[in-house]
file input.csv (CSV, C-alpha atoms)
chain,number,residue,atom,x,y,z
N,1,MET,CA,-19.1,132.1,-221.4
N,2,ASP,CA,-19.0,135.8,-220.3
N,3,ASN,CA,-17.1,137.2,-223.3
N,4,THR,CA,-19.5,137.1,-226.2
N,5,ASP,CA,-17.1,138.2,-228.9
N,6,LYS,CA,-14.5,135.5,-227.9
N,7,VAL,CA,-17.2,132.8,-227.9
N,8,VAL,CA,-18.4,133.9,-231.3
N,9,LYS,CA,-14.8,133.7,-232.5
N,10,TYR,CA,-14.3,130.2,-231.1
N,11,ILE,CA,-17.6,129.1,-232.6
N,12,ASN,CA,-16.5,130.4,-236.0
N,13,GLU,CA,-13.1,128.7,-235.7
N,14,CYS,CA,-14.9,125.4,-234.9
N,15,LYS,CA,-17.1,125.7,-238.0
N,16,GLN,CA,-14.1,126.4,-240.2
N,17,MET,CA,-12.5,123.1,-238.8
N,18,SER,CA,-15.8,121.3,-239.4
N,19,ILE,CA,-16.3,120.7,-235.7
N,20,PRO,CA,-20.1,120.9,-234.9
N,21,VAL,CA,-21.1,123.3,-232.1
N,22,LEU,CA,-24.5,122.1,-230.9
N,23,PRO,CA,-27.2,123.8,-228.8
N,24,PRO,CA,-27.5,122.9,-225.1
N,25,ASP,CA,-29.3,119.6,-224.4
N,26,VAL,CA,-30.9,118.5,-221.1
N,27,ASN,CA,-29.5,115.0,-221.6
N,28,GLU,CA,-26.0,115.8,-222.7
N,29,SER,CA,-25.0,119.2,-221.4
N,30,TYR,CA,-23.4,120.1,-218.1
N,31,HIS,CA,-22.8,123.6,-216.8
N,32,ASP,CA,-20.2,124.6,-219.4
N,33,PHE,CA,-19.1,123.3,-222.8
N,34,THR,CA,-18.8,119.6,-223.2
N,35,VAL,CA,-17.0,117.5,-225.9
N,36,ILE,CA,-19.2,114.5,-227.0
N,37,ASN,CA,-18.1,112.3,-229.9
N,38,ASP,CA,-16.0,115.0,-231.6
N,39,ARG,CA,-18.8,117.5,-231.2
N,40,ILE,CA,-19.0,120.5,-228.8
N,41,ARG,CA,-22.2,120.8,-226.8
N,42,PHE,CA,-23.2,124.1,-225.4
N,43,GLY,CA,-23.5,124.3,-221.6
N,44,LEU,CA,-26.8,124.7,-219.8
N,45,ALA,CA,-25.4,127.6,-217.8
N,46,ALA,CA,-25.6,129.6,-221.0
N,47,VAL,CA,-29.4,129.5,-221.1
N,48,LYS,CA,-30.9,132.7,-219.7
N,49,ASN,CA,-32.8,132.4,-216.4
N,50,VAL,CA,-31.4,128.9,-215.7
N,51,GLY,CA,-29.8,129.3,-212.3
N,52,GLY,CA,-27.3,127.1,-210.5
N,53,ALA,CA,-30.0,125.4,-208.4
N,54,ALA,CA,-32.1,124.5,-211.5
N,55,LEU,CA,-28.9,123.2,-213.2
N,56,ASP,CA,-27.9,121.1,-210.3
N,57,SER,CA,-31.4,119.6,-210.0
N,58,MET,CA,-31.6,118.7,-213.7
N,59,ILE,CA,-28.2,117.1,-213.9
N,60,ARG,CA,-28.5,115.3,-210.6
N,61,GLU,CA,-31.9,113.7,-211.6
N,62,ARG,CA,-30.5,112.7,-215.0
N,63,GLU,CA,-27.4,111.0,-213.5
N,64,GLU,CA,-29.4,109.2,-210.8
N,65,ASN,CA,-32.3,108.0,-212.8
N,66,GLY,CA,-31.2,108.1,-216.5
N,67,PRO,CA,-31.8,110.4,-219.4
N,68,TYR,CA,-35.1,112.2,-220.0
N,69,SER,CA,-37.2,110.5,-222.6
N,70,SER,CA,-39.5,113.4,-223.5
N,71,LEU,CA,-40.7,116.9,-222.4
N,72,ALA,CA,-43.4,115.3,-220.3
N,73,ASP,CA,-40.9,113.0,-218.6
N,74,PHE,CA,-38.6,115.9,-217.9
N,75,CYS,CA,-41.4,118.0,-216.3
N,76,GLY,CA,-42.6,115.0,-214.2
N,77,ARG,CA,-39.1,114.4,-212.8
N,78,ILE,CA,-37.6,117.8,-212.1
N,79,ASP,CA,-38.2,119.9,-209.0
N,80,SER,CA,-40.8,122.5,-210.1
N,81,SER,CA,-39.7,124.9,-207.4
N,82,LYS,CA,-36.4,125.2,-209.2
N,83,VAL,CA,-37.4,124.8,-212.8
N,84,ASN,CA,-40.4,127.1,-213.5
N,85,ARG,CA,-42.2,127.9,-216.7
N,86,LYS,CA,-39.8,130.6,-217.8
N,87,VAL,CA,-36.8,128.3,-217.4
N,88,LEU,CA,-38.6,125.6,-219.4
N,89,GLU,CA,-39.6,128.1,-222.1
N,90,ASN,CA,-36.0,129.3,-222.5
N,91,LEU,CA,-34.7,125.7,-222.7
N,92,VAL,CA,-37.1,125.0,-225.6
N,93,LYS,CA,-36.1,128.2,-227.4
N,94,ALA,CA,-32.4,127.4,-226.9
N,95,GLY,CA,-32.9,123.9,-228.5
N,96,ALA,CA,-32.3,121.9,-225.3
N,97,PHE,CA,-35.2,119.6,-226.1
N,98,ASP,CA,-34.4,119.0,-229.8
N,99,PHE,CA,-33.6,115.3,-228.9
N,100,VAL,CA,-37.4,114.8,-228.7
N,101,GLN,CA,-37.4,115.3,-232.5
N,102,VAL,CA,-40.5,117.5,-232.7
N,103,LYS,CA,-40.6,121.1,-233.7
N,104,ARG,CA,-39.7,123.7,-231.2
N,105,ALA,CA,-43.0,125.5,-231.9
N,106,GLN,CA,-44.8,122.3,-231.0
N,107,LEU,CA,-43.0,122.0,-227.8
N,108,MET,CA,-43.8,125.6,-226.9
N,109,GLU,CA,-47.5,125.0,-227.5
N,110,VAL,CA,-47.7,122.2,-225.0
N,111,LEU,CA,-45.6,123.7,-222.2
N,112,ASP,CA,-48.6,124.5,-220.0
N,113,GLN,CA,-50.1,121.1,-220.5
N,114,ALA,CA,-46.9,119.4,-219.6
N,115,LEU,CA,-46.5,121.5,-216.5
N,116,GLU,CA,-50.0,120.9,-215.3
N,117,GLN,CA,-49.7,117.1,-215.9
N,118,ALA,CA,-46.4,117.1,-214.0
N,119,LYS,CA,-48.0,119.0,-211.0
N,120,ALA,CA,-50.7,116.3,-210.9
N,121,VAL,CA,-48.1,113.6,-210.9
N,122,GLN,CA,-46.1,115.3,-208.1
N,123,ARG,CA,-49.3,115.8,-206.0
N,124,ASP,CA,-50.0,112.1,-206.3
N,125,ARG,CA,-46.4,111.3,-205.4
N,126,LEU,CA,-46.6,113.5,-202.3
N,127,SER,CA,-49.9,112.1,-201.2
N,128,GLY,CA,-49.0,108.5,-201.8
N,129,GLN,CA,-52.0,108.0,-204.1
N,130,MET,CA,-52.0,106.5,-207.5
N,131,SER,CA,-53.1,108.6,-210.5
N,132,LEU,CA,-55.9,107.4,-212.8
N,133,PHE,CA,-53.3,106.4,-215.4
N,134,ALA,CA,-51.5,104.0,-213.0
N,135,VAL,CA,-54.4,102.1,-211.5
N,136,GLY,CA,-53.2,98.6,-210.9
N,137,GLY,CA,-49.6,99.7,-211.8
N,138,SER,CA,-46.4,99.6,-209.8
N,139,LYS,CA,-45.2,102.4,-207.5
N,140,GLU,CA,-42.8,103.4,-210.2
N,141,GLU,CA,-45.5,103.7,-212.8
N,142,SER,CA,-47.7,105.7,-210.5
N,143,THR,CA,-45.2,108.6,-210.7
N,144,THR,CA,-44.8,108.7,-214.4
N,145,THR,CA,-46.5,111.1,-216.9
N,146,ALA,CA,-48.6,110.3,-219.9
N,147,GLU,CA,-47.2,111.3,-223.2
N,148,ILE,CA,-48.5,114.5,-224.7
N,149,LYS,CA,-50.0,114.8,-228.2
N,150,PHE,CA,-48.4,117.6,-230.1
N,151,PRO,CA,-50.4,119.9,-232.3
N,152,ASP,CA,-50.0,119.8,-236.0
N,153,ILE,CA,-48.4,123.2,-236.6
N,154,ASP,CA,-45.5,124.6,-238.6
N,155,GLU,CA,-42.1,125.3,-237.1
N,156,TRP,CA,-41.2,128.9,-236.4
N,157,PRO,CA,-39.8,130.8,-239.4
N,158,GLN,CA,-36.0,130.5,-239.5
N,159,LEU,CA,-35.4,134.1,-238.4
N,160,LYS,CA,-37.7,133.7,-235.4
N,161,LYS,CA,-36.0,130.5,-234.4
N,162,LEU,CA,-32.6,132.1,-234.6
N,163,SER,CA,-33.7,135.2,-232.7
N,164,TYR,CA,-34.9,132.9,-229.9
N,165,GLU,CA,-31.5,131.3,-229.8
N,166,LYS,CA,-29.9,134.7,-229.6
N,167,GLU,CA,-32.4,135.8,-226.9
N,168,THR,CA,-31.8,132.8,-224.7
N,169,ILE,CA,-28.1,131.9,-225.1
N,170,GLY,CA,-26.7,135.0,-226.6
N,171,PHE,CA,-25.6,133.3,-229.9
N,172,PHE,CA,-27.0,132.1,-233.2
N,173,LEU,CA,-26.1,128.3,-233.3
N,174,THR,CA,-28.2,126.4,-235.8
N,175,GLY,CA,-27.7,129.0,-238.5
N,176,HIS,CA,-27.3,132.8,-238.9
N,177,PRO,CA,-29.7,135.4,-240.2
N,178,LEU,CA,-26.9,136.5,-242.6
N,179,ASP,CA,-26.3,133.0,-244.1
N,180,GLY,CA,-28.1,133.8,-247.4
N,181,VAL,CA,-26.5,137.2,-247.9
N,182,ILE,CA,-23.1,136.9,-246.4
N,183,ASP,CA,-21.3,136.6,-249.8
N,184,THR,CA,-23.0,139.9,-250.9
N,185,ILE,CA,-22.1,141.6,-247.7
N,186,ARG,CA,-18.5,140.6,-248.0
N,187,MET,CA,-18.5,141.8,-251.6
N,188,VAL,CA,-19.6,145.3,-250.5
N,189,ALA,CA,-17.9,145.6,-247.2
N,190,ASP,CA,-14.1,146.1,-247.0
N,191,ALA,CA,-13.7,144.5,-243.6
N,192,ASP,CA,-15.3,142.1,-241.2
N,193,ILE,CA,-16.2,143.7,-237.9
N,194,GLU,CA,-13.6,141.5,-236.1
N,195,ALA,CA,-10.9,143.1,-238.2
N,196,LEU,CA,-11.8,146.7,-237.2
N,197,GLU,CA,-9.4,146.5,-234.2
N,198,ASN,CA,-6.6,146.6,-236.7
N,199,ARG,CA,-7.8,149.7,-238.6
N,200,ARG,CA,-6.3,153.0,-237.8
N,201,GLU,CA,-8.1,155.9,-236.1
N,202,GLY,CA,-10.2,157.8,-238.6
N,203,GLN,CA,-10.0,155.2,-241.4
N,204,VAL,CA,-13.0,155.1,-243.6
N,205,VAL,CA,-14.7,151.6,-243.7
N,206,ARG,CA,-17.8,149.9,-245.1
N,207,VAL,CA,-19.1,147.1,-242.8
N,208,GLY,CA,-22.3,145.1,-243.0
N,209,GLY,CA,-24.5,143.2,-240.7
N,210,LEU,CA,-27.7,143.3,-238.6
N,211,ILE,CA,-28.6,145.9,-236.0
N,212,GLN,CA,-28.8,144.0,-232.7
N,213,GLN,CA,-29.2,146.9,-230.3
N,214,TYR,CA,-30.7,150.3,-230.9
N,215,LYS,CA,-31.1,153.2,-228.5
N,216,GLU,CA,-32.2,156.7,-229.4
N,217,HIS,CA,-30.6,159.7,-227.7
N,218,ILE,CA,-31.2,163.5,-227.7
N,219,SER,CA,-28.0,165.6,-228.3
N,220,LYS,CA,-27.1,168.7,-226.4
N,221,LYS,CA,-28.7,170.7,-229.2
N,222,GLY,CA,-31.9,168.8,-228.9
N,223,ASP,CA,-31.4,166.7,-232.0
N,224,ARG,CA,-32.2,163.0,-232.3
N,225,MET,CA,-29.3,160.6,-232.7
N,226,ALA,CA,-28.7,156.9,-231.9
N,227,PHE,CA,-26.3,154.4,-230.4
N,228,THR,CA,-26.5,151.0,-232.1
N,229,VAL,CA,-24.7,147.7,-232.2
N,230,LEU,CA,-24.0,146.2,-235.6
N,231,GLU,CA,-23.2,142.4,-235.8
N,232,ASP,CA,-21.9,140.3,-238.6
N,233,MET,CA,-20.8,136.7,-238.4
N,234,SER,CA,-17.4,137.5,-236.9
N,235,SER,CA,-18.2,140.0,-234.1
N,236,SER,CA,-20.1,143.1,-233.2
N,237,VAL,CA,-19.3,146.9,-233.0
N,238,GLU,CA,-20.9,150.0,-231.6
N,239,VAL,CA,-22.1,152.4,-234.3
N,240,ILE,CA,-22.8,156.0,-233.3
N,241,VAL,CA,-25.3,157.7,-235.5
N,242,PHE,CA,-25.1,161.5,-235.1
N,243,PRO,CA,-28.1,163.8,-235.9
N,244,GLU,CA,-27.3,164.6,-239.5
N,245,THR,CA,-26.9,160.9,-240.4
N,246,PHE,CA,-29.8,160.0,-238.2
N,247,ALA,CA,-32.1,162.4,-240.1
N,248,ARG,CA,-31.3,160.7,-243.4
N,249,CYS,CA,-31.0,157.1,-242.3
N,250,SER,CA,-33.2,156.4,-239.2
N,251,HIS,CA,-35.8,154.5,-241.2
N,252,TYR,CA,-33.2,151.7,-241.6
N,253,LEU,CA,-32.4,151.3,-237.9
N,254,GLY,CA,-35.7,149.8,-236.8
N,255,LYS,CA,-35.8,147.1,-239.5
N,256,ASP,CA,-34.7,143.5,-239.2
N,257,GLU,CA,-32.7,143.5,-242.4
N,258,PRO,CA,-29.0,143.4,-243.4
N,259,LEU,CA,-27.4,146.9,-243.6
N,260,ILE,CA,-24.2,148.4,-244.8
N,261,VAL,CA,-22.7,151.2,-242.7
N,262,LEU,CA,-20.2,153.6,-244.2
N,263,GLY,CA,-18.3,155.5,-241.6
N,264,THR,CA,-15.0,156.2,-239.8
N,265,VAL,CA,-13.2,154.1,-237.2
N,266,GLN,CA,-12.8,155.4,-233.7
N,267,GLN,CA,-10.4,153.5,-231.5
N,268,GLY,CA,-10.8,153.5,-227.7
N,269,GLU,CA,-9.9,151.5,-224.6
N,270,ARG,CA,-12.9,149.2,-225.2
N,271,GLY,CA,-12.1,148.6,-228.8
N,272,ALA,CA,-13.2,150.1,-232.1
N,273,LYS,CA,-16.4,152.0,-232.7
N,274,ILE,CA,-17.8,153.4,-236.0
N,275,ILE,CA,-19.0,156.9,-236.5
N,276,ALA,CA,-21.7,156.4,-239.2
N,277,GLU,CA,-21.7,158.7,-242.2
N,278,ASP,CA,-24.4,156.8,-244.2
N,279,ILE,CA,-26.4,153.7,-243.8
N,280,TYR,CA,-27.8,151.6,-246.7
N,281,SER,CA,-30.0,148.6,-247.2
N,282,LEU,CA,-27.9,145.8,-248.7
N,283,ASP,CA,-29.3,146.1,-252.2
N,284,LYS,CA,-29.0,149.9,-252.2
N,285,ALA,CA,-25.4,149.6,-251.2
N,286,VAL,CA,-24.6,147.1,-254.0
N,287,GLU,CA,-26.2,149.5,-256.5
N,288,GLN,CA,-24.5,152.5,-254.9
N,289,PHE,CA,-20.9,151.2,-254.7
N,290,THR,CA,-20.6,148.8,-257.7
N,291,GLU,CA,-18.1,150.2,-260.2
N,292,GLN,CA,-18.2,147.3,-262.7
N,293,ALA,CA,-19.6,143.8,-262.9
N,294,SER,CA,-17.5,141.2,-264.8
N,295,ILE,CA,-18.9,138.0,-266.1
N,296,ARG,CA,-16.5,135.3,-267.3
N,297,LEU,CA,-17.9,132.7,-269.6
N,298,PRO,CA,-16.3,129.3,-270.6
N,299,ALA,CA,-16.2,129.4,-274.4
N,300,ASP,CA,-16.6,125.7,-274.9
N,301,ARG,CA,-19.8,125.5,-272.8
N,302,ILE,CA,-21.5,128.7,-274.1
N,303,GLY,CA,-23.9,128.5,-277.0
N,304,ARG,CA,-26.5,130.6,-278.6
N,305,ASN,CA,-29.2,129.8,-276.0
N,306,GLN,CA,-26.9,130.7,-273.1
N,307,LEU,CA,-26.0,134.0,-274.7
N,308,ILE,CA,-29.7,134.8,-275.3
N,309,GLU,CA,-30.4,134.0,-271.6
N,310,LEU,CA,-27.6,136.3,-270.5
N,311,LYS,CA,-28.8,139.1,-272.8
N,312,GLU,CA,-32.3,138.8,-271.4
N,313,LEU,CA,-31.0,139.0,-267.8
N,314,ILE,CA,-29.0,142.1,-268.6
N,315,TYR,CA,-32.1,143.8,-270.1
N,316,GLN,CA,-34.2,142.6,-267.2
N,317,PHE,CA,-31.8,144.3,-264.8
N,318,HIS,CA,-31.0,147.3,-266.9
N,319,GLY,CA,-29.2,150.0,-264.8
N,320,SER,CA,-26.2,152.3,-264.8
N,321,ALA,CA,-23.3,150.0,-263.9
N,322,PRO,CA,-20.9,149.0,-266.7
N,323,ILE,CA,-20.6,145.3,-267.4
N,324,LYS,CA,-17.6,143.4,-268.8
N,325,LEU,CA,-17.9,140.1,-270.6
N,326,THR,CA,-15.0,137.7,-271.0
N,327,LEU,CA,-14.8,134.5,-273.0
N,328,HIS,CA,-12.4,132.0,-271.5
N,329,PHE,CA,-10.8,129.5,-273.8
N,330,ASP,CA,-9.4,126.6,-271.8
N,331,GLY,CA,-5.6,126.6,-272.1
N,332,ARG,CA,-5.7,129.3,-274.8
N,333,GLY,CA,-6.3,132.5,-272.9
N,334,GLU,CA,-9.2,134.9,-272.7
N,335,VAL,CA,-11.0,137.4,-274.9
N,336,ASP,CA,-12.9,140.5,-273.6
N,337,ILE,CA,-16.2,141.2,-275.4
N,338,LEU,CA,-16.8,144.9,-275.6
N,339,PRO,CA,-20.5,145.4,-275.2
N,340,MET,CA,-22.5,148.4,-276.5
N,341,LYS,CA,-22.6,151.5,-274.4
N,342,ASP,CA,-26.2,151.0,-273.4
N,343,ILE,CA,-25.6,147.5,-272.0
N,344,THR,CA,-25.4,148.3,-268.4
N,345,VAL,CA,-26.9,146.6,-265.4
N,346,ARG,CA,-28.6,147.4,-262.1
N,347,PRO,CA,-26.4,145.5,-259.7
N,348,CYS,CA,-28.4,143.7,-257.0
N,349,SER,CA,-28.4,140.4,-255.1
N,350,GLU,CA,-31.1,139.0,-257.3
N,351,PHE,CA,-29.2,139.7,-260.5
N,352,PHE,CA,-25.9,138.3,-259.1
N,353,GLN,CA,-27.7,135.1,-257.9
N,354,LYS,CA,-29.4,134.5,-261.3
N,355,VAL,CA,-26.1,134.9,-263.1
N,356,LYS,CA,-24.4,132.5,-260.8
N,357,ASP,CA,-27.3,130.0,-261.1
N,358,SER,CA,-27.1,130.1,-264.9
N,359,PHE,CA,-23.4,130.2,-265.5
N,360,GLY,CA,-21.7,128.9,-262.3
N,361,PRO,CA,-20.8,130.3,-258.9
N,362,ARG,CA,-17.3,131.5,-260.0
N,363,CYS,CA,-18.4,133.3,-263.2
N,364,LEU,CA,-19.1,136.6,-261.6
N,365,SER,CA,-16.8,139.2,-260.0
N,366,VAL,CA,-17.7,142.7,-258.9
N,367,GLN,CA,-15.4,145.7,-258.5
N,368,MET,CA,-16.5,148.1,-255.8
N,369,ARG,CA,-15.7,151.8,-255.4
N,370,GLN,CA,-13.4,152.8,-252.6
N,371,ALA,CA,-15.1,153.8,-249.4
N,372,GLU,CA,-15.1,157.6,-248.9
N,373,VAL,CA,-16.9,160.1,-246.7
N,374,LYS,CA,-17.3,163.8,-246.8
N,375,ARG,CA,-15.0,165.3,-244.2
N,376,LYS,CA,-16.7,167.8,-241.9
N,377,LYS,CA,-16.5,169.2,-238.4
N,378,ARG,CA,-18.9,167.7,-236.0
N,379,PHE,CA,-20.4,169.6,-233.1
N,380,GLY,CA,-17.4,171.8,-232.5
N,381,GLY,CA,-15.2,168.7,-232.3
N,382,GLY,CA,-17.3,167.1,-229.5
N,383,ASN,CA,-19.3,163.9,-229.6
N,384,GLY,CA,-22.7,165.6,-229.7
N,385,ARG,CA,-24.1,163.7,-226.7

call {"tool": "encode", "arguments": {"input": "input.csv", "output": "structure tokens"}}
result
Amino acid sequence: MDNTDKVVKYINECKQMSIPVLPPDVNESYHDFTVINDRIRFGLAAVKNVGGAALDSMIREREENGPYSSLADFCGRIDSSKVNRKVLENLVKAGAFDFVQVKRAQLMEVLDQALEQAKAVQRDRLSGQMSLFAVGGSKEESTTTAEIKFPDIDEWPQLKKLSYEKETIGFFLTGHPLDGVIDTIRMVADADIEALENRREGQVVRVGGLIQQYKEHISKKGDRMAFTVLEDMSSSVEVIVFPETFARCSHYLGKDEPLIVLGTVQQGERGAKIIAEDIYSLDKAVEQFTEQASIRLPADRIGRNQLIELKELIYQFHGSAPIKLTLHFDGRGEVDILPMKDITVRPCSEFFQKVKDSFGPRCLSVQMRQAEVKRKKRFGGGNGR
């Protein structure tokens, strides 16, 4: 599990083959990946701060005395000297207790209660005394924990939930922050990050994704610059933001939002990097680089009301990009409708989605301008560090 990019590639390949890749689970996972009923279960060794001693203890207890029935049962049975609160917290964030079928936020809220209850049970176990809950019970009952009442709270927002997965196991598993915008990113970008290794030195590219790492640096001339890591759903790449670009675009780098980076490829021993020329928010990039939007309408299913709806959409999103309308006659070809010169649109994700919602997901195509950067000499040919 050490090579993150390779694991991301394998996960994506599994998804393409409709093979589920599931989060780690304290009842099903072992150290590494496990195949269970045509599903791939992440290994517990992937969870941050879960060491070998904790893993061995959890798995051994499970195999000797059966699966864990709940969070309280787990806490009462494991060796607290090996599985501390931080380990437990990371297991919850990674999804290792999802089998309990309560929200991860609820589990996190009762962690301290579960641990305190488990300590009381283990003290009774060591002293040979019965707890209050086991008066008149068997020896086995005297070492069990009472179930915990979970608070009535909302689950974490999806982005927070995914960020916790990334924090604890290094990957997004139950979703991806780019799920809702990946089609727009692919429309604007001319390459997935994974494909950059095949681009030539100095080639101009547009790539999109989220900033996952960000570190500011002072150049030899005393100017601010940055080294960042951009990640899409295929891989990640280092992006170097030199002072001139940093001065224009630094306000984007600290935000948790999809970005488009325009720059040049730099190939090296450790793979490709990008020298950023410009950085855009996703909607700004769509507006900046759209050359023309084309809408293809099926003639036999378009009436007056649909045309009025389209006209209202175009006026609502009035902008500078030309729009081409085409009527498709099934089996009889197509006819382009030449709109008036003032019928232009402001291309953006919201407009594209509304058109697709109203006229079908395949009715829209967008032509993008070719990626270009202004060629200039940088720092006397050096790297500016």

call {"tool": "residues_around", "arguments": {"input": "input.csv", "residues": "region 178-181 of chain N", "least_positions_apart": "3", "cutoff": "9 Å", "atoms": "only C-alpha atoms", "output": "list of chain:residue names"}}
result
N:Gly175, N:Thr184, N:Ile185, N:Arg186, N:Gly209, N:Leu210, N:Asp232, N:Met233, N:Pro258, N:Leu282, N:Ser349

call {"tool": "atom_distance", "arguments": {"input": "input.csv", "atom1": "CA of Glu13 (chain N)", "atom2": "CA of Val229 (chain N)"}}
result
22.5 Å

call {"tool": "atom_distance", "arguments": {"input": "input.csv", "atom1": "CA of Asp190 (chain N)", "atom2": "CA of Val207 (chain N)"}}
result
6.6 Å

call {"tool": "atom_distance", "arguments": {"input": "input.csv", "atom1": "CA of Leu126 (chain N)", "atom2": "CA of Asp56 (chain N)"}}
result
21.7 Å

call {"tool": "residues_around", "arguments": {"input": "input.csv", "residues": "Ile314 (chain N)", "least_positions_apart": "5", "cutoff": "10 Å", "atoms": "all atoms listed in the file", "output": "list in words"}}
result
Ile308, Glu309, Gly319, Ile323, Ile343, Thr344, Val345, Arg346, Pro347, Phe351 and Val355 of chain N

call {"tool": "closest_atom_pairs", "arguments": {"input": "input.csv", "of": "region 23-68 of chain N", "to": "region 81-92 of chain N", "cutoff": "10 Å", "atoms": "only C-alpha atoms", "output": "JSON lines"}}
result
{"residue": "N:Pro23", "atom": "CA", "partner": "N:Leu91", "partner_atom": "CA", "distance": 9.9}
{"residue": "N:Pro24", "atom": "CA", "partner": "N:Leu91", "partner_atom": "CA", "distance": 8.1}
{"residue": "N:Asp25", "atom": "CA", "partner": "N:Leu91", "partner_atom": "CA", "distance": 8.3}
{"residue": "N:Val26", "atom": "CA", "partner": "N:Leu91", "partner_atom": "CA", "distance": 8.3}
{"residue": "N:Leu44", "atom": "CA", "partner": "N:Leu91", "partner_atom": "CA", "distance": 8.5}
{"residue": "N:Val47", "atom": "CA", "partner": "N:Leu91", "partner_atom": "CA", "distance": 6.7}
{"residue": "N:Lys48", "atom": "CA", "partner": "N:Asn90", "partner_atom": "CA", "distance": 6.7}
{"residue": "N:Asn49", "atom": "CA", "partner": "N:Val87", "partner_atom": "CA", "distance": 5.8}
{"residue": "N:Val50", "atom": "CA", "partner": "N:Val87", "partner_atom": "CA", "distance": 5.7}
{"residue": "N:Gly51", "atom": "CA", "partner": "N:Lys82", "partner_atom": "CA", "distance": 8.4}
{"residue": "N:Gly52", "atom": "CA", "partner": "N:Lys82", "partner_atom": "CA", "distance": 9.4}
{"residue": "N:Ala53", "atom": "CA", "partner": "N:Lys82", "partner_atom": "CA", "distance": 6.5}
{"residue": "N:Ala54", "atom": "CA", "partner": "N:Lys82", "partner_atom": "CA", "distance": 4.9}
{"residue": "N:Leu55", "atom": "CA", "partner": "N:Val83", "partner_atom": "CA", "distance": 8.7}
{"residue": "N:Asp56", "atom": "CA", "partner": "N:Lys82", "partner_atom": "CA", "distance": 9.5}
{"residue": "N:Ser57", "atom": "CA", "partner": "N:Lys82", "partner_atom": "CA", "distance": 7.5}
{"residue": "N:Met58", "atom": "CA", "partner": "N:Val83", "partner_atom": "CA", "distance": 8.5}

call {"tool": "closest_residue", "arguments": {"input": "input.csv", "among": "N:Leu297, N:Leu196, N:Ile218, N:Ala226", "to": "Val265 (chain N)", "atoms": "only C-alpha atoms"}}
result
N:Leu196

call {"tool": "residues_around", "arguments": {"input": "input.csv", "residues": "region 238-252 of chain N", "least_positions_apart": "6", "cutoff": "8 Å", "atoms": "all atoms listed in the file", "output": "NGL selection string"}}
result
:N and (219 or 223-230 or 259 or 272-281 or 384)

call {"tool": "closest_residue", "arguments": {"input": "input.csv", "among": "N:Ile36, N:Ser236, N:Arg369, N:Ser29", "to": "Ala195 (chain N)", "atoms": "all atoms listed in the file"}}
result
N:Ser236

call {"tool": "residues_around", "arguments": {"input": "input.csv", "residues": "Ile11 (chain N)", "least_positions_apart": "4", "cutoff": "7 Å", "atoms": "all atoms listed in the file", "output": "PDB file with C-alpha atoms, keeping the file's coordinate frame"}}
result
ATOM      1  CA  VAL N   7     -17.200 132.800-227.900  1.00  0.00           C
ATOM      2  CA  LYS N  15     -17.100 125.700-238.000  1.00  0.00           C
ATOM      3  CA  VAL N  21     -21.100 123.300-232.100  1.00  0.00           C
TER       4      VAL N  21
END

call {"tool": "residues_around", "arguments": {"input": "input.csv", "residues": "region 147-164 of chain N", "least_positions_apart": "3", "cutoff": "10 Å", "atoms": "all atoms listed in the file", "output": "ChimeraX atom specification"}}
result
/N:70-73,90,92-95,102-111,113-114,117,144,167-178,256

call {"tool": "closest_residue", "arguments": {"input": "input.csv", "among": "N:Gln370, N:Phe33, N:Ser294, N:Phe359", "to": "Val188 (chain N)", "atoms": "all atoms listed in the file"}}
result
N:Gln370

call {"tool": "closest_residue", "arguments": {"input": "input.csv", "among": "N:Met17, N:Ala299, N:Val366, N:Ile193", "to": "Asp5 (chain N)", "atoms": "all atoms listed in the file"}}
result
N:Ile193

call {"tool": "decode", "arguments": {"input": "input.csv", "residues": "region 39-46 of chain N", "atoms": "N, CA and C atoms", "output": "tab-separated table (two decimals), in the first residue's frame"}}
result
chain	number	residue	atom	x	y	z
N	39	ARG	N	-15.93	-8.71	-3.66
N	39	ARG	CA	-15.64	-7.33	-3.29
N	39	ARG	C	-14.22	-7.28	-2.75
N	40	ILE	N	-13.59	-6.12	-2.88
N	40	ILE	CA	-12.25	-5.95	-2.34
N	40	ILE	C	-12.36	-5.07	-1.10
N	41	ARG	N	-11.88	-5.62	0.01
N	41	ARG	CA	-11.94	-4.90	1.28
N	41	ARG	C	-10.55	-4.36	1.62
N	42	PHE	N	-10.49	-3.05	1.92
N	42	PHE	CA	-9.22	-2.43	2.28
N	42	PHE	C	-8.65	-3.06	3.55
N	43	GLY	N	-7.34	-3.11	3.64
N	43	GLY	CA	-6.69	-3.67	4.81
N	43	GLY	C	-6.59	-2.68	5.95
N	44	LEU	N	-6.58	-3.20	7.19
N	44	LEU	CA	-6.48	-2.33	8.36
N	44	LEU	C	-5.11	-1.67	8.48
N	45	ALA	N	-4.10	-2.26	7.85
N	45	ALA	CA	-2.76	-1.67	7.90
N	45	ALA	C	-2.71	-0.32	7.20
N	46	ALA	N	-3.70	-0.03	6.35
N	46	ALA	CA	-3.74	1.25	5.65
N	46	ALA	C	-4.15	2.39	6.56
